[in-house]
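**Student:** Got a file for you: structure27.txt, compact mmCIF, C-alpha atoms.
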# COMPACT_ATOMS: atom_id res chain seq x y z
CA MET B 547 -4.43 32.37 -2.55
CA SER B 548 -0.85 31.74 -3.68
CA PRO B 549 1.82 34.37 -2.94
CA PRO B 550 2.28 36.51 -6.08
CA VAL B 551 5.86 35.95 -7.29
CA ALA B 552 7.72 38.87 -8.83
CA PRO B 553 8.49 38.40 -12.55
CA PRO B 554 12.09 38.78 -13.79
CA GLY B 555 13.18 42.40 -13.69
CA TRP B 556 10.64 43.40 -11.07
CA SER B 557 11.86 46.37 -9.02
CA ARG B 558 11.90 45.80 -5.27
CA TRP B 559 11.06 49.49 -4.82
CA LEU B 560 7.51 48.75 -5.96
CA VAL B 561 6.91 46.71 -2.80
CA PRO B 562 7.19 49.53 -0.20
CA PRO B 563 4.20 51.43 -1.68
CA ALA B 564 2.13 48.27 -1.27
CA ALA B 565 3.14 48.09 2.39
CA LEU B 566 2.44 51.78 2.91
CA SER B 567 -1.08 51.56 1.48
CA VAL B 568 -1.99 49.05 4.18
CA HIS B 569 -0.06 50.61 7.05
CA LEU B 570 -1.23 54.16 6.37
CA SER B 571 -4.78 52.85 6.58
CA ILE B 572 -4.54 50.78 9.75
CA GLY B 573 -2.43 53.55 11.29
CA GLN B 574 -5.74 55.37 11.81
CA ALA B 575 -5.70 53.67 15.20
CA TYR B 576 -3.34 56.39 16.41
CA ALA B 577 -6.02 59.03 15.74
CA TRP B 578 -8.53 57.40 18.09
CA SER B 579 -8.10 60.18 20.65
CA VAL B 580 -9.88 62.55 18.23
CA PHE B 581 -13.04 60.46 18.68
CA LYS B 582 -12.77 60.27 22.47
CA PRO B 583 -14.31 63.65 23.43
CA PRO B 584 -17.28 63.38 21.00
CA LEU B 585 -18.02 59.83 22.14
CA GLU B 586 -17.79 60.84 25.80
CA SER B 587 -20.19 63.71 25.18
CA ALA B 588 -22.66 61.88 22.92
CA LEU B 589 -22.83 58.62 24.89
CA GLY B 590 -21.99 59.80 28.41
CA LEU B 591 -18.72 57.88 28.75
CA SER B 592 -15.75 58.36 31.06
CA GLY B 593 -12.20 58.70 29.77
CA THR B 594 -11.48 55.10 30.74
CA GLN B 595 -14.59 53.85 28.92
CA SER B 596 -13.89 55.80 25.73
CA ALA B 597 -10.40 54.27 25.63
CA LEU B 598 -11.80 50.71 25.61
CA PRO B 599 -12.21 50.29 21.81
CA PHE B 600 -8.60 51.39 21.28
CA GLN B 601 -7.32 49.15 24.06
CA LEU B 602 -9.20 46.12 22.75
CA ALA B 603 -7.99 46.83 19.22
CA ILE B 604 -4.38 46.74 20.40
CA VAL B 605 -5.04 43.54 22.34
CA MET B 606 -6.56 41.93 19.25
CA LEU B 607 -3.68 43.25 17.16
CA GLY B 608 -1.18 41.34 19.26
CA LEU B 609 -3.27 38.18 19.53
CA SER B 610 -4.14 38.00 15.83
CA ALA B 611 -0.53 38.71 14.87
CA ALA B 612 0.67 35.98 17.24
CA PHE B 613 -1.80 33.33 16.15
CA GLY B 614 -1.90 34.38 12.50
CA GLY B 615 1.84 34.89 11.98
CA THR B 616 2.46 31.39 10.65
CA LEU B 617 -0.54 31.67 8.32
CA VAL B 618 0.88 34.91 6.96
CA GLU B 619 4.24 33.22 6.35
CA ARG B 620 2.54 30.25 4.68
CA ASN B 621 -0.08 32.02 2.56
CA GLY B 622 1.88 35.12 1.66
CA PRO B 623 1.36 38.89 1.87
CA ARG B 624 -1.56 39.16 -0.59
CA TRP B 625 -3.70 36.79 1.48
CA ALA B 626 -2.79 38.68 4.65
CA MET B 627 -3.54 42.09 3.15
CA THR B 628 -6.92 40.86 1.92
CA VAL B 629 -7.87 39.59 5.37
CA ALA B 630 -6.73 42.90 6.87
CA LEU B 631 -8.81 44.88 4.39
CA VAL B 632 -12.00 42.94 5.11
CA CYS B 633 -11.65 43.02 8.90
CA PHE B 634 -10.48 46.61 9.29
CA SER B 635 -13.06 48.12 6.96
CA SER B 636 -15.98 46.04 8.23
CA GLY B 637 -15.00 47.01 11.77
CA PHE B 638 -15.70 50.64 10.91
CA LEU B 639 -19.05 49.71 9.41
CA VAL B 640 -20.02 47.97 12.67
CA CYS B 641 -18.88 51.09 14.53
CA ALA B 642 -21.12 53.22 12.33
CA LEU B 643 -24.09 51.04 13.19
CA GLY B 644 -23.25 51.21 16.88
CA ALA B 645 -22.94 55.01 16.89
CA ALA B 646 -26.18 55.46 14.93
CA ALA B 647 -28.04 53.17 17.37
CA GLU B 648 -26.18 54.64 20.38
CA GLN B 649 -25.05 51.14 21.31
CA TYR B 650 -21.53 51.54 22.63
CA TRP B 651 -20.91 47.81 22.81
CA LEU B 652 -21.14 47.67 18.99
CA ILE B 653 -18.41 50.30 18.73
CA VAL B 654 -16.24 48.25 21.06
CA LEU B 655 -16.99 45.10 19.04
CA GLY B 656 -16.43 46.73 15.66
CA TYR B 657 -13.35 48.83 16.31
CA GLY B 658 -11.82 46.70 19.03
CA ALA B 659 -12.54 43.08 18.10
CA VAL B 660 -13.20 42.98 14.33
CA GLY B 661 -11.02 45.93 13.39
CA GLY B 662 -8.31 44.76 15.79
CA VAL B 663 -7.89 41.53 13.83
CA GLY B 664 -7.40 43.63 10.70
CA LEU B 665 -4.78 45.66 12.56
CA GLY B 666 -2.79 42.58 13.57
CA ILE B 667 -2.82 40.74 10.25
CA GLY B 668 -2.27 43.95 8.29
CA TYR B 669 0.60 45.03 10.52
CA ILE B 670 2.72 41.92 9.96
CA SER B 671 1.63 41.27 6.36
CA PRO B 672 4.49 43.12 4.58
CA VAL B 673 7.29 42.95 7.18
CA SER B 674 8.74 39.53 6.35
CA THR B 675 8.39 40.22 2.62
CA LEU B 676 10.31 43.51 2.81
CA ILE B 677 13.10 41.94 4.89
CA LYS B 678 13.50 39.35 2.13
CA TRP B 679 13.55 42.05 -0.57
CA PHE B 680 16.12 44.15 1.36
CA PRO B 681 18.56 41.71 3.04
CA ASP B 682 21.28 44.36 2.75
CA ARG B 683 19.32 46.97 4.76
CA PRO B 684 16.85 45.24 7.09
CA GLY B 685 16.49 48.18 9.46
CA MET B 686 15.59 50.54 6.64
CA ALA B 687 13.25 47.95 5.14
CA THR B 688 11.28 47.44 8.32
CA GLY B 689 11.25 51.20 8.84
CA ILE B 690 9.60 51.62 5.46
CA ALA B 691 7.13 48.84 6.21
CA ILE B 692 6.07 50.24 9.56
CA MET B 693 6.50 53.94 8.83
CA GLY B 694 3.01 54.11 7.36
CA PHE B 695 1.42 52.80 10.54
CA GLY B 696 2.98 55.61 12.51
CA GLY B 697 1.95 58.17 9.90
CA GLY B 698 -1.64 57.03 9.61
CA ALA B 699 -2.87 59.56 12.15
CA LEU B 700 -1.11 62.34 10.25
CA ILE B 701 -3.86 61.89 7.68
CA ALA B 702 -6.65 60.50 9.85
CA SER B 703 -6.48 63.02 12.70
CA PRO B 704 -7.27 66.23 10.76
CA TRP B 705 -9.51 64.28 8.38
CA SER B 706 -11.56 62.88 11.27
CA ALA B 707 -11.74 66.29 12.97
CA ARG B 708 -13.02 67.90 9.76
CA MET B 709 -15.66 65.21 9.31
CA LEU B 710 -16.88 65.62 12.87
CA GLU B 711 -17.12 69.37 12.29
CA ALA B 712 -19.05 68.83 9.06
CA PHE B 713 -21.31 65.97 10.19
CA GLY B 714 -21.65 67.04 13.82
CA ALA B 715 -20.24 65.57 17.02
CA ASP B 716 -23.50 63.85 17.99
CA SER B 717 -24.13 60.13 17.52
CA THR B 718 -25.36 60.59 13.92
CA GLY B 719 -22.30 62.60 12.91
CA ILE B 720 -19.96 60.09 14.53
CA ALA B 721 -21.74 57.28 12.66
CA LEU B 722 -21.28 59.03 9.31
CA ALA B 723 -17.59 59.61 10.05
CA PHE B 724 -17.11 55.91 10.83
CA LEU B 725 -18.93 54.96 7.61
CA VAL B 726 -16.73 57.17 5.44
CA HIS B 727 -13.62 55.77 7.12
CA GLY B 728 -14.62 52.17 6.44
CA LEU B 729 -15.37 52.68 2.74
CA SER B 730 -12.35 54.91 2.04
CA TYR B 731 -9.84 52.61 3.69
CA ALA B 732 -11.20 49.60 1.81
CA VAL B 733 -10.38 51.26 -1.51
CA PHE B 734 -6.94 52.43 -0.40
CA MET B 735 -5.89 49.06 1.03
CA LEU B 736 -6.94 47.35 -2.19
CA LEU B 737 -3.99 49.06 -3.90
CA GLY B 738 -1.57 47.16 -1.68
CA VAL B 739 -3.36 43.85 -2.29
CA LEU B 740 -2.95 44.27 -6.05
CA LEU B 741 0.64 45.55 -6.01
CA VAL B 742 2.50 43.31 -3.52
CA ARG B 743 4.94 40.61 -4.76
CA VAL B 744 7.39 38.16 -3.13
CA PRO B 745 10.97 37.67 -4.42
CA ARG B 746 11.76 34.69 -6.65
CA THR B 747 14.92 33.75 -4.75
CA ALA B 748 16.52 34.19 -1.34
CA ALA B 749 19.08 36.59 -2.89
CA PRO B 750 17.07 39.14 -4.89
CA VAL B 751 19.85 41.75 -4.88
CA GLU B 752 23.17 41.07 -6.59
CA GLY B 753 26.07 41.32 -4.17
CA ALA B 754 23.84 41.42 -1.08
CA PRO B 755 23.79 38.61 1.48
CA SER B 756 21.14 35.94 1.11
CA ALA B 757 18.06 36.48 3.25
CA LEU B 758 18.59 32.94 4.56
CA ALA B 759 22.27 33.40 5.47
CA GLY B 760 23.39 32.85 9.06
CA PRO B 761 21.74 31.00 11.95
CA GLN B 762 18.03 30.32 11.57
CA VAL B 763 15.56 29.69 14.39
CA SER B 764 11.96 28.53 14.04
CA ALA B 765 9.08 30.41 15.62
CA ARG B 766 8.53 27.59 18.09
CA GLY B 767 12.20 27.55 18.99
CA ALA B 768 12.41 31.34 19.36
CA VAL B 769 9.81 31.53 22.13
CA ARG B 770 11.91 29.08 24.14
CA THR B 771 14.89 31.43 24.27
CA PRO B 772 15.60 34.10 26.90
CA GLN B 773 16.40 36.53 24.07
CA PHE B 774 12.79 36.47 22.89
CA TRP B 775 11.45 37.29 26.33
CA CYS B 776 14.03 40.01 26.93
CA LEU B 777 12.90 41.63 23.69
CA TRP B 778 9.29 41.12 24.75
CA ILE B 779 9.94 43.17 27.88
CA VAL B 780 11.88 45.80 25.91
CA LEU B 781 9.05 46.26 23.41
CA CYS B 782 6.33 46.22 26.08
CA MET B 783 8.02 48.90 28.20
CA ASN B 784 8.83 51.14 25.24
CA VAL B 785 5.30 50.86 23.84
CA THR B 786 3.64 51.45 27.23
CA ALA B 787 5.58 54.68 27.65
CA GLY B 788 4.67 55.96 24.18
CA ILE B 789 1.08 54.82 23.99
CA GLY B 790 0.30 56.39 27.35
CA ILE B 791 0.75 59.80 25.74
CA LEU B 792 -0.56 58.92 22.30
CA GLU B 793 -3.92 57.46 23.31
CA LYS B 794 -4.81 60.54 25.41
CA ALA B 795 -2.83 63.14 23.47
CA ALA B 796 -5.62 65.59 22.67
CA PRO B 797 -7.19 65.71 26.18
CA MET B 798 -3.75 65.63 27.84
CA ILE B 799 -2.36 68.77 26.21
CA THR B 800 -5.68 70.51 26.84
CA ASP B 801 -5.55 69.61 30.55
CA PHE B 802 -1.89 70.57 30.93
CA PHE B 803 -2.49 74.18 29.87
CA ALA B 804 -6.16 74.63 30.86
CA ASP B 805 -5.26 76.86 33.81
CA THR B 806 -2.74 79.01 31.92
CA SER B 807 -3.19 82.22 29.95
CA THR B 808 -2.78 80.28 26.70
CA PRO B 809 -5.19 77.31 26.79
CA VAL B 810 -5.15 74.79 23.96
CA SER B 811 -8.18 74.75 21.63
CA VAL B 812 -9.82 71.62 20.28
CA THR B 813 -8.39 72.31 16.81
CA ALA B 814 -4.89 72.86 18.21
CA ALA B 815 -5.18 69.63 20.22
CA ALA B 816 -6.04 67.74 17.02
CA GLY B 817 -3.03 69.37 15.41
CA PHE B 818 -0.88 68.15 18.29
CA VAL B 819 -2.09 64.59 17.61
CA ALA B 820 -1.10 65.00 13.96
CA LEU B 821 2.30 66.36 15.01
CA LEU B 822 2.87 63.36 17.26
CA SER B 823 1.98 61.15 14.32
CA ALA B 824 4.61 62.89 12.20
CA ALA B 825 7.24 62.27 14.90
CA ASN B 826 6.09 58.68 15.22
CA MET B 827 6.38 58.24 11.46
CA ALA B 828 9.76 59.98 11.15
CA GLY B 829 11.17 57.94 14.04
CA ARG B 830 10.22 54.71 12.34
CA ILE B 831 12.29 55.32 9.23
CA GLY B 832 14.97 57.55 10.80
CA TRP B 833 15.86 55.58 13.93
CA SER B 834 15.48 52.15 12.29
CA SER B 835 17.82 53.20 9.47
CA THR B 836 20.26 54.48 12.10
CA SER B 837 20.17 51.03 13.71
CA ASP B 838 21.77 49.60 10.55
CA LEU B 839 24.78 51.80 11.37
CA ILE B 840 25.10 51.65 15.18
CA GLY B 841 23.41 48.32 15.97
CA ARG B 842 20.07 47.31 17.44
CA LYS B 843 21.13 47.15 21.09
CA ASN B 844 22.66 50.63 20.98
CA ILE B 845 19.58 52.20 19.40
CA TYR B 846 17.35 50.68 22.09
CA ARG B 847 19.65 52.16 24.72
CA VAL B 848 18.75 55.52 23.21
CA TYR B 849 15.02 54.77 23.05
CA LEU B 850 14.77 53.68 26.67
CA GLY B 851 17.39 55.82 28.40
CA VAL B 852 16.69 59.15 26.70
CA GLY B 853 12.96 58.37 26.77
CA ALA B 854 13.07 58.21 30.58
CA LEU B 855 14.81 61.59 30.62
CA MET B 856 12.11 63.13 28.39
CA TYR B 857 9.37 61.89 30.73
CA ALA B 858 11.22 63.38 33.70
CA LEU B 859 11.40 66.77 31.98
CA ILE B 860 7.66 66.74 31.24
CA ALA B 861 6.83 65.74 34.81
CA LEU B 862 9.01 68.50 36.28
CA PHE B 863 8.65 71.39 33.85
CA GLY B 864 6.06 70.45 31.20
CA ASP B 865 3.24 72.68 32.46
CA SER B 866 5.47 75.75 32.57
CA SER B 867 6.57 75.62 28.94
CA LYS B 868 4.38 74.59 26.02
CA PRO B 869 7.38 74.22 23.62
CA LEU B 870 9.16 71.96 26.15
CA PHE B 871 6.06 69.79 26.57
CA VAL B 872 5.60 69.44 22.82
CA LEU B 873 9.31 68.80 22.15
CA CYS B 874 9.62 66.08 24.80
CA ALA B 875 6.41 64.42 23.62
CA LEU B 876 7.70 64.44 20.03
CA VAL B 877 10.98 62.81 21.08
CA ILE B 878 9.14 60.14 23.09
CA LEU B 879 6.87 59.37 20.14
CA SER B 880 9.81 59.19 17.74
CA PHE B 881 11.39 56.58 20.05
CA TYR B 882 8.05 54.80 20.29
CA GLY B 883 7.84 54.54 16.50
CA GLY B 884 11.51 53.72 16.13
CA GLY B 885 11.15 50.85 18.60
CA PHE B 886 8.40 49.29 16.52
CA ALA B 887 10.32 49.65 13.27
CA THR B 888 13.62 48.36 14.65
CA VAL B 889 12.36 45.26 16.44
CA PRO B 890 11.82 43.12 13.28
CA ALA B 891 15.45 43.75 12.28
CA TYR B 892 16.52 42.94 15.86
CA LEU B 893 14.61 39.65 15.53
CA LYS B 894 16.23 39.00 12.15
CA ASP B 895 19.69 39.52 13.67
CA LEU B 896 18.95 37.07 16.50
CA PHE B 897 16.74 34.44 14.84
CA GLY B 898 17.29 34.78 11.07
CA THR B 899 14.62 35.21 8.41
CA TYR B 900 13.35 31.61 8.33
CA GLN B 901 10.15 32.39 10.26
CA VAL B 902 10.77 36.00 11.22
CA GLY B 903 7.20 37.01 10.39
CA ALA B 904 5.75 34.42 12.75
CA ILE B 905 8.28 35.34 15.47
CA HIS B 906 7.41 39.02 15.01
CA GLY B 907 3.73 38.18 15.36
CA ARG B 908 4.33 36.40 18.65
CA LEU B 909 6.40 39.30 19.96
CA LEU B 910 3.53 41.69 19.29
CA THR B 911 1.69 40.22 22.27
CA ALA B 912 3.92 42.69 24.12
CA TRP B 913 2.07 45.42 22.24
CA SER B 914 -1.25 43.91 23.33
CA THR B 915 -0.14 44.09 26.94
CA ALA B 916 1.14 47.63 26.54
CA GLY B 917 -2.04 48.64 24.72
CA VAL B 918 -3.96 47.88 27.89
CA LEU B 919 -1.30 48.93 30.39
CA GLY B 920 -0.40 52.37 28.98
CA PRO B 921 -3.90 53.83 28.55
CA LEU B 922 -5.06 52.18 31.79
CA ILE B 923 -2.28 53.78 33.81
CA VAL B 924 -2.85 57.26 32.36
CA ASN B 925 -6.67 57.23 32.23
CA TRP B 926 -7.30 55.48 35.54
CA ILE B 927 -4.91 57.69 37.49
CA ALA B 928 -6.25 60.83 35.77
CA ASP B 929 -9.84 59.84 36.63
CA ARG B 930 -8.90 59.18 40.28
CA GLN B 931 -7.00 62.47 40.53
CA GLU B 932 -9.96 64.35 39.06
CA GLU B 933 -12.30 62.74 41.59
CA ALA B 934 -9.92 63.94 44.31
CA GLY B 935 -10.37 67.52 43.09
CA ARG B 936 -7.11 67.91 41.21
CA HIS B 937 -6.85 69.38 37.73
CA GLY B 938 -4.36 70.43 35.06
CA ALA B 939 -0.91 68.85 34.96
CA SER B 940 -1.39 67.27 38.41
CA LEU B 941 -3.69 64.71 36.79
CA TYR B 942 -0.67 63.07 35.13
CA GLY B 943 2.32 63.44 37.49
CA LEU B 944 2.08 59.98 39.04
CA SER B 945 1.55 58.37 35.62
CA PHE B 946 4.77 59.88 34.32
CA VAL B 947 6.78 58.64 37.30
CA ILE B 948 5.48 55.12 36.59
CA MET B 949 6.47 55.45 32.92
CA ILE B 950 10.03 56.38 33.91
CA GLY B 951 10.25 53.22 36.03
CA LEU B 952 8.97 51.04 33.18
CA LEU B 953 11.55 52.48 30.77
CA VAL B 954 14.33 51.65 33.24
CA VAL B 955 13.06 48.05 33.39
CA GLY B 956 13.18 47.90 29.58
CA PHE B 957 16.72 49.31 29.56
CA VAL B 958 17.91 46.52 31.86
CA ALA B 959 16.19 43.85 29.73
CA ASN B 960 17.94 45.16 26.60
CA GLU B 961 21.30 44.88 28.33
CA LEU B 962 20.61 41.17 28.95
CA VAL B 963 20.18 40.30 25.24
CA ARG B 964 22.90 37.95 23.94
CA PRO B 965 23.31 35.87 20.74
CA VAL B 966 21.04 32.82 20.57
CA HIS B 967 22.62 29.54 21.65
CA PRO B 968 23.27 27.14 18.72
CA ARG B 969 21.02 24.49 20.28
CA HIS B 970 18.02 26.58 19.22
CA HIS B 971 19.11 26.81 15.57
CA VAL B 972 17.23 24.88 12.89
CA PRO B 973 19.33 21.66 12.68
CA SER B 974 19.01 21.13 8.93
CA PRO B 975 19.99 23.67 6.24
CA ALA B 976 17.48 26.49 5.96
CA PRO B 977 14.78 25.68 3.41
CA LYS B 978 15.30 27.23 0.00
CA GLU B 979 12.58 29.03 -1.85
CA THR B 980 11.20 27.09 -4.76
CA ALA B 981 10.63 28.45 -8.21
CA ASP B 982 7.09 29.59 -7.45
CA GLY B 983 8.20 31.48 -4.34
CA ARG B 984 6.61 29.14 -1.78
CA ARG B 985 8.66 27.94 1.17
CA GLN B 986 8.62 24.69 3.00
CA GLN B 987 7.27 24.89 6.53
CA PRO B 988 8.52 21.78 8.34
CA GLU B 989 7.55 23.16 11.75
CA SER B 990 4.20 24.78 12.28
CA ALA B 991 3.51 27.29 14.98
Go through the file and emit its structure as structure tokens.
**Tutor:**
Amino acid sequence: MSPPVAPPGWSRWLVPPAALSVHLSIGQAYAWSVFKPPLESALGLSGTQSALPFQLAIVMLGLSAAFGGTLVERNGPRWAMTVALVCFSSGFLVCALGAAAEQYWLIVLGYGAVGGVGLGIGYISPVSTLIKWFPDRPGMATGIAIMGFGGGALIASPWSARMLEAFGADSTGIALAFLVHGLSYAVFMLLGVLLVRVPRTAAPVEGAPSALAGPQVSARGAVRTPQFWCLWIVLCMNVTAGIGILEKAAPMITDFFADTSTPVSVTAAAGFVALLSAANMAGRIGWSSTSDLIGRKNIYRVYLGVGALMYALIALFGDSSKPLFVLCALVILSFYGGGFATVPAYLKDLFGTYQVGAIHGRLLTAWSTAGVLGPLIVNWIADRQEEAGRHGASLYGLSFVIMIGLLVVGFVANELVRPVHPRHHVPSPAPKETADGRRQQPESA
């Protein structure tokens, strides 16, 4: 499947909707916490067990993005979006079968393994293309590309809650909800497959710098640099801190205020998940666009430093003030989303656009690690605290202290980032795009 090349006069502003159709769909992953309580009740699972499909999906996201990044660069965004559509939608269909048969391993296989591949390929499919279309504003471009992923739960969370209310929260109702998700997302993602285009040249905007200007580093060369691994730590720490709240958002806010005079209802908890999704989505476009003005290193100083402060406020005062808890969680999730959206532009600044999609895919293994680490820390500690007879906000105090420490580690790693040494640059002139939009790939991943 050849990359579809934009005809003369094609508007680059038609490409972001293609990216959003895919990212809004796969962003459903952030609404997984809505399914946790029904699954725990219907199948007799613990909090740690019900988190497993989400954790595996994030692991597979990072692995498929890492191993498939070069294929995405070589075959183009339409191929990648098609693969994402097939894997993500069929994963839901396998989940539906598993829920109907009350076979939890099928839900783990469908959502975590099959759907996780769709997450990874779909996530990186438009990023490199949008950076090439917007060489003058890479932070904004990647914010647009990844904004939809953060906003997916804004749609999926209330939608899933309504379906579970209509179909029932038993295994049959859960199966029907999974089935509707799989079919609906297949149709929506098809819009992106049909609409996406790649630019004809490396300079699609008159007066803007060429996408291939400046030092260029191959994907293989990038992983040999300390800059790559510093950014790996930065992304891993930032994601762990955000995903720890996001994966358990609905049960967490319910637990925090269960012993107060104003407990949080199931509907309000689902609304909190949707609100976090809105902050996640807004942070992706807002903070990444800000990074074009103040620089990537400075914006990560904000993400990591202020994020640690927000966690400290929740740990100390969160259970005494519902507005404070919600506000701090929203800020943390905006930084979480902003970190995702800014990192491709950070990579572009350090390594160029030559194989930025493949480099981005490799970096997302940090997300895989964080996808296991964040939920494991929060769920495992909460389960142990509950077994010890504790309840309410005390279930999460130790988890939040750990998150503060991880953010400090990420802050230090960001301070160590320096320009890439010239010995890692591609020795020959960067390959030019040919008339049909395909690029030479002298070095495979």
**Student:** Residues within 12 Å of stretch 764-771 of chain B, please, as an MDAnalysis selection string. Count only C-alpha atoms; anything in the same chain fewer than 4 positions from it doesn't count.
**Tutor:** chainID B and resid 612:613 615:616 619 775:778 893:894 896:909 911 963:974 976:977 987:991
**Student:** I'd like the contact shell of B:Leu850 - 6 Å cut-off, all atoms listed in the file, skipping same-chain residues fewer than 2 positions apart - returned as a VMD selection string.
**Tutor:** chain B and resid 847 to 848 852 to 853 953 957
**Student:** Neighbouring residues of stretch 817-823 of chain B were defined as those with any atom within 10 Å, considering all atoms listed in the file; residues of the same chain fewer than 3 positions away were excluded. Please report them as number ranges by chain.
**Tutor:** B: 573-574, 576-580, 694-704, 707, 791-796, 799, 810-814, 826-829, 872-873, 875-880, 883
**Student:** Restricting the output to C-alpha atoms, write the selected residues as a tab-separated table (two decimals), in the frame of the given file.
**Tutor:**
chain	number	residue	atom	x	y	z
B	573	GLY	CA	-2.43	53.55	11.29
B	574	GLN	CA	-5.74	55.37	11.81
B	576	TYR	CA	-3.34	56.39	16.41
B	577	ALA	CA	-6.02	59.03	15.74
B	578	TRP	CA	-8.53	57.40	18.09
B	579	SER	CA	-8.10	60.18	20.65
B	580	VAL	CA	-9.88	62.55	18.23
B	694	GLY	CA	3.01	54.11	7.36
B	695	PHE	CA	1.42	52.80	10.54
B	696	GLY	CA	2.98	55.61	12.51
B	697	GLY	CA	1.95	58.17	9.90
B	698	GLY	CA	-1.64	57.03	9.61
B	699	ALA	CA	-2.87	59.56	12.15
B	700	LEU	CA	-1.11	62.34	10.25
B	701	ILE	CA	-3.86	61.89	7.68
B	702	ALA	CA	-6.65	60.50	9.85
B	703	SER	CA	-6.48	63.02	12.70
B	704	PRO	CA	-7.27	66.23	10.76
B	707	ALA	CA	-11.74	66.29	12.97
B	791	ILE	CA	0.75	59.80	25.74
B	792	LEU	CA	-0.56	58.92	22.30
B	793	GLU	CA	-3.92	57.46	23.31
B	794	LYS	CA	-4.81	60.54	25.41
B	795	ALA	CA	-2.83	63.14	23.47
B	796	ALA	CA	-5.62	65.59	22.67
B	799	ILE	CA	-2.36	68.77	26.21
B	810	VAL	CA	-5.15	74.79	23.96
B	811	SER	CA	-8.18	74.75	21.63
B	812	VAL	CA	-9.82	71.62	20.28
B	813	THR	CA	-8.39	72.31	16.81
B	814	ALA	CA	-4.89	72.86	18.21
B	826	ASN	CA	6.09	58.68	15.22
B	827	MET	CA	6.38	58.24	11.46
B	828	ALA	CA	9.76	59.98	11.15
B	829	GLY	CA	11.17	57.94	14.04
B	872	VAL	CA	5.60	69.44	22.82
B	873	LEU	CA	9.31	68.80	22.15
B	875	ALA	CA	6.41	64.42	23.62
B	876	LEU	CA	7.70	64.44	20.03
B	877	VAL	CA	10.98	62.81	21.08
B	878	ILE	CA	9.14	60.14	23.09
B	879	LEU	CA	6.87	59.37	20.14
B	880	SER	CA	9.81	59.19	17.74
B	883	GLY	CA	7.84	54.54	16.50
**Student:** Interatomic distance between atom CA of B:Asn844 and atom CA of B:Met949?
**Tutor:**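 Separating atom CA of B:Asn844 from atom CA of B:Met949 is a distance of 20.7 Å.
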**Student:** Pick out the closest residue to B:Pro563 from this set: B:Val739, B:Leu725, B:Ala630, B:Leu617. Count all atoms listed in the file.
**Tutor:**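 That would be B:Val739, the residue with the smallest distance to B:Pro563.
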**Student:** Could you please determine the separation between atom CA of B:Cys874 and atom CA of B:Ile789 in Å, to one decimal place?
**Tutor:**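 Separation of atom CA of B:Cys874 and atom CA of B:Ile789: 14.2 Å.
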**Student:** For a quick check of understanding, using only C-alpha atoms, which of B:Thr786, B:Ser674, B:Ser592, B:Thr915 has the smallest distance to B:Pro745?
**Tutor:** B:Ser674
**Student:** In Å, how far is it from atom CA of B:Ser945 to atom CA of B:Leu585?
**Tutor:**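 Spanning atom CA of B:Ser945 to atom CA of B:Leu585 is a straight-line distance of 23.8 Å.
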**Student:** So, counting only C-alpha atoms, which residue among B:Arg743, B:Thr688, B:Ser571, B:Arg708 is closest to B:Ala723?
**Tutor:**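 Ranked by minimum distance to B:Ala723, first place goes to B:Arg708.
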**Student:** Looking at B:Pro772, B:Pro583, B:Gly593, B:Pro562, which one is nearest to B:Asp929, with distances taken over all atoms listed in the file?
**Tutor:**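 Closest residue, counting all atoms listed in the file: B:Gly593.
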**Student:** Looking at all atoms listed in the file, which of B:Ser635, B:Ser940, B:Thr806, B:Ser730 is the one that sits closest to B:Ala928?
**Tutor:** B:Ser940
**Student:** Which residues, written as a list in words, have at least one atom at most 7 Å from B:Gly738, with only C-alpha atoms counted and residues fewer than 3 positions away on the same chain left out?
**Tutor:**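 After dropping sequence-adjacent residues, the list is Ala564, Ala565, Ser567, Val568, Met735, Leu741 and Val742 of chain B.
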**Student:** Excluding B:Ile690 and its own-chain neighbours fewer than 4 positions away, which residues fall within 10 Å of it when counting all atoms listed in the file? Please give them as a list in words.
**Tutor:**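 Near neighbours after the sequence-gap exclusion: Val561, Pro562, Pro563, Ala565, Leu566, His569, Pro672, Val673, Leu676, Pro684, Gly685, Met686, Gly694, Phe695, Met827, Arg830, Ile831, Gly832, Ser834, Ser835 and Ala887 of chain B.
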**Student:** Show me, as JSON lines, the residues of stretch 677-749 of chain B having an atom within 10 Å of stretch 649-656 of chain B, each with the closest atom pair and its distance in Å, using only C-alpha atoms.
**Tutor:**
{"residue": "B:Ser717", "atom": "CA", "partner": "B:Gln649", "partner_atom": "CA", "distance": 9.8}
{"residue": "B:Ala721", "atom": "CA", "partner": "B:Ile653", "partner_atom": "CA", "distance": 9.8}
{"residue": "B:Phe724", "atom": "CA", "partner": "B:Ile653", "partner_atom": "CA", "distance": 9.8}
**Student:** As JSON, what would the box around stretch 943-959 of chain B look like: edges along x, y and z, 4 Å added on every side, centre and edge lengths in Å to one decimal?
**Tutor:**
{"center_x": 9.7, "center_y": 53.6, "center_z": 34.3, "size_x": 24.4, "size_y": 27.6, "size_z": 17.5}
**Student:** Using all atoms listed in the file, which of the listed residues (B:Gln595, B:Ala912, B:Ser706, B:Gly714) sits closest to B:Ala611?
**Tutor:**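 Of all the options, B:Ala912 lies closest to B:Ala611.
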